[in-house]
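Okay, data.cif now, which holds mmCIF, C-alpha atoms:
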data_start
#
loop_
_atom_site.label_atom_id
_atom_site.label_comp_id
_atom_site.auth_asym_id
_atom_site.auth_seq_id
_atom_site.Cartn_x
_atom_site.Cartn_y
_atom_site.Cartn_z
CA MET I 1 26.31 113.14 115.16
CA VAL I 2 24.81 110.41 112.97
CA CYS I 3 23.37 113.02 110.58
CA ALA I 4 26.72 114.79 110.30
CA LEU I 5 28.52 111.49 109.80
CA ARG I 6 26.16 110.41 107.03
CA TYR I 7 26.49 113.83 105.36
CA SER I 8 30.30 113.52 105.43
CA PHE I 9 30.11 110.03 103.95
CA GLY I 10 27.69 111.21 101.26
CA LEU I 11 29.97 114.08 100.36
CA ALA I 12 33.04 111.85 100.29
CA LEU I 13 31.34 109.28 98.08
CA ALA I 14 29.89 111.91 95.77
CA CYS I 15 33.37 113.35 95.26
CA ALA I 16 34.87 109.89 94.77
CA ALA I 17 32.18 108.92 92.27
CA TRP I 18 32.56 112.20 90.39
CA THR I 19 36.26 111.62 89.80
CA CYS I 20 37.34 108.80 87.53
CA PHE I 21 37.89 105.35 88.95
CA ALA I 22 41.37 104.06 89.72
CA GLN I 23 43.49 103.37 86.67
CA THR I 24 43.86 99.79 85.50
CA GLN I 25 47.62 99.87 86.18
CA THR I 26 47.86 97.91 89.42
CA THR I 27 51.59 97.51 89.98
CA ASP I 28 54.64 99.69 90.33
CA GLY I 29 58.18 98.77 89.24
CA ASP I 30 58.59 96.52 92.29
CA GLU I 31 55.48 94.48 91.41
CA VAL I 32 53.56 95.75 94.43
CA VAL I 33 49.84 95.26 93.78
CA TYR I 34 47.74 98.30 94.57
CA ALA I 35 44.15 98.00 95.76
CA GLY I 36 43.10 101.57 94.99
CA ARG I 37 43.61 105.32 95.47
CA ILE I 38 42.70 108.01 97.95
CA LYS I 39 40.13 110.18 96.16
CA VAL I 40 39.09 112.59 98.93
CA SER I 41 40.51 113.36 102.35
CA LYS I 42 40.07 115.66 105.30
CA GLY I 43 42.57 115.94 108.14
CA GLU I 44 45.20 113.36 109.04
CA ILE I 45 44.97 110.01 107.25
CA ASN I 46 47.58 107.25 107.40
CA ALA I 47 48.45 103.80 106.11
CA LYS I 48 50.58 101.19 107.84
CA GLY I 49 52.01 98.16 106.06
CA LEU I 50 51.33 94.90 107.85
CA PRO I 51 52.55 93.14 109.88
CA ASN I 52 55.16 95.66 111.11
CA GLY I 53 55.62 98.13 108.29
CA PRO I 54 56.18 101.87 108.65
CA THR I 55 53.29 104.32 108.88
CA ARG I 56 52.96 106.76 106.00
CA ARG I 57 50.85 109.89 105.78
CA LEU I 58 48.35 109.77 102.92
CA GLN I 59 46.94 112.46 100.68
CA VAL I 60 44.61 112.58 97.69
CA GLY I 61 46.04 110.55 94.80
CA ASP I 62 48.13 108.19 96.94
CA ARG I 63 47.75 104.47 96.32
CA VAL I 64 46.75 101.97 98.98
CA ARG I 65 47.79 98.34 98.98
CA SER I 66 46.33 95.05 100.04
CA ASN I 67 47.65 94.10 103.49
CA GLU I 68 47.66 97.71 104.74
CA GLU I 69 45.84 99.30 107.66
CA LEU I 70 44.17 102.65 106.92
CA SER I 71 43.38 105.06 109.76
CA THR I 72 41.82 108.47 110.25
CA GLY I 73 42.39 111.01 113.02
CA ASP I 74 39.88 112.59 115.41
CA GLN I 75 38.48 115.10 112.90
CA SER I 76 39.48 113.26 109.73
CA SER I 77 37.81 111.27 106.96
CA MET I 78 38.78 109.72 103.63
CA GLY I 79 37.25 108.31 100.49
CA VAL I 80 39.00 105.46 98.68
CA THR I 81 38.16 104.11 95.24
CA LEU I 82 39.35 100.52 94.82
CA GLN I 83 40.48 99.13 91.47
CA ASP I 84 37.10 97.54 90.75
CA GLY I 85 35.21 100.79 91.41
CA THR I 86 34.22 99.93 94.99
CA LEU I 87 33.85 103.09 97.08
CA VAL I 88 34.89 103.10 100.73
CA ALA I 89 34.47 106.14 102.98
CA LEU I 90 35.97 106.18 106.47
CA GLY I 91 34.72 108.49 109.22
CA PRO I 92 36.71 110.02 112.10
CA LYS I 93 38.71 107.77 114.46
CA THR I 94 38.45 104.79 112.12
CA THR I 95 40.86 101.93 111.45
CA LEU I 96 40.27 99.62 108.47
CA ARG I 97 42.55 96.75 107.48
CA LEU I 98 42.69 95.71 103.80
CA ASP I 99 43.29 92.02 104.48
CA GLN I 100 42.91 90.87 100.90
CA PHE I 101 42.23 92.49 97.54
CA ALA I 102 42.52 90.70 94.21
CA TYR I 103 41.00 91.94 90.97
CA GLU I 104 41.23 90.98 87.30
CA PRO I 105 39.86 93.92 85.27
CA ARG I 106 39.38 91.96 82.02
CA THR I 107 36.87 89.59 83.63
CA ASP I 108 35.79 91.60 86.73
CA ALA I 109 36.73 88.55 88.80
CA GLY I 110 38.26 89.01 92.21
CA SER I 111 37.76 88.98 95.94
CA MET I 112 38.25 91.21 98.95
CA VAL I 113 38.32 90.90 102.71
CA LEU I 114 38.23 94.05 104.85
CA SER I 115 38.37 94.27 108.66
CA LEU I 116 36.81 97.28 110.36
CA LEU I 117 38.75 97.43 113.63
CA LYS I 118 37.07 100.58 114.96
CA GLY I 119 35.08 103.55 113.75
CA SER I 120 32.63 103.87 110.89
CA MET I 121 32.66 103.08 107.21
CA ARG I 122 30.39 103.43 104.21
CA PHE I 123 30.80 100.82 101.48
CA VAL I 124 29.42 100.77 97.93
CA THR I 125 30.29 97.67 95.92
CA GLY I 126 32.00 97.81 92.55
CA ALA I 127 32.62 95.22 89.84
CA ILE I 128 33.74 92.40 92.18
CA GLY I 129 30.50 92.50 94.13
CA LYS I 130 28.44 92.69 90.98
CA SER I 131 30.16 89.76 89.24
CA ASN I 132 30.49 87.41 92.24
CA ARG I 133 28.25 88.25 95.16
CA ASP I 134 30.01 85.86 97.55
CA SER I 135 33.52 87.22 96.99
CA ILE I 136 33.45 90.13 99.45
CA ARG I 137 33.63 89.88 103.23
CA ILE I 138 33.80 92.61 105.85
CA THR I 139 34.60 91.64 109.41
CA THR I 140 34.38 93.44 112.73
CA ARG I 141 35.40 92.08 116.13
CA THR I 142 31.91 90.69 116.67
CA ALA I 143 30.47 89.97 113.21
CA THR I 144 31.20 89.11 109.59
CA ILE I 145 29.17 90.71 106.81
CA GLY I 146 28.76 88.93 103.48
CA ILE I 147 28.24 91.51 100.76
CA ARG I 148 25.62 90.97 98.08
CA GLY I 149 26.14 94.06 95.90
CA THR I 150 24.87 96.93 98.00
CA ASP I 151 25.48 100.27 99.72
CA PHE I 152 25.65 100.31 103.53
CA ILE I 153 27.19 101.93 106.59
CA VAL I 154 28.77 99.91 109.38
CA GLU I 155 30.12 101.07 112.73
CA ALA I 156 32.43 99.19 115.11
CA SER I 157 33.18 100.31 118.64
CA GLU I 158 36.53 99.59 120.26
#

Would you encode the structure as structure tokens?
Amino acid sequence: MVCALRYSFGLALACAAWTCFAQTQTTDGDEVVYAGRIKVSKGEINAKGLPNGPTRRLQVGDRVRSNEELSTGDQSSMGVTLQDGTLVALGPKTTLRLDQFAYEPRTDAGSMVLSLLKGSMRFVTGAIGKSNRDSIRITTRTATIGIRGTDFIVEASE
């Protein structure tokens, strides 16, 4: 299972890296700030606006926002490229909350806080992690990870 999971993550990240990074346009007409785009997907993937927003089905090309919860189904996975070039791949039965995402492309300044509620995730830092190593945090129910510009896999059980 671990081998298959790592292969899926590798494939998702390879596809995400091969395609171009998210465009620098970060808002729509309603001034909603977008954190990134879905670059690859398999199966059912969803986003739910927080705190009590509707759930929407996602597909490749859809934008994801800060303050959204991303989830994958039993046999599903997704690859997301954030605005700063950070790559996030989610395995099956995973829920990830984008608590905070702020990015200024002209200076590569920004910060992000992600919460892995359950499941597995691969994370490869982009410009934010490279310009300010203390500006990224990933939390689980039992631990907080400070990111220092790296590539890693984390798993959180329910």

Problem set entry | Given the PyMOL selection byres ((chain I and resi 140) around 7), the residues it picks as a PyMOL selection string | chain I and resi 115-117+138-139+141-144+156

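For the residues I:Met78, I:Val40, I:Ala89, I:Ala109, ranking by smallest atom-to-atom distance to I:Ile128 using only C-alpha atoms places I:Ala109 first.
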
For this session: I need the residue set behind the PyMOL selection byres ((chain I and resi 76) around 6) for this file; please write it as a PyMOL selection string.
Result: chain I and resi 42-44+72-75+77+92

For this session: Within 9 Å of (49.7, 101.1, 100.4) (coordinates as in the file), grab all the protein and nucleic acid residues, counting only C-alpha atoms, and write them out as a list in words.
Result: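 Selection result: Val32, Val33, Tyr34, Ala35, Gly36, Arg37, Ala47, Lys48, Gly49, Arg56, Asp62, Arg63, Val64, Arg65, Ser66, Asn67, Glu68, Glu69 and Leu70 of chain I.
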
Problem set entry | Near-I:Asp84 list (10 Å; all atoms listed in the file; drop same-chain fewer than 4 positions) as a PyMOL selection string | chain I and resi 21-24+35-36+101-105+108-110+125-130

For this session: Go ahead and compute the interatomic distance for atom CA of I:Glu155 and atom CA of I:Thr94, in Å to one decimal.
Result: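 Here the two named atoms are 9.1 Å from each other.
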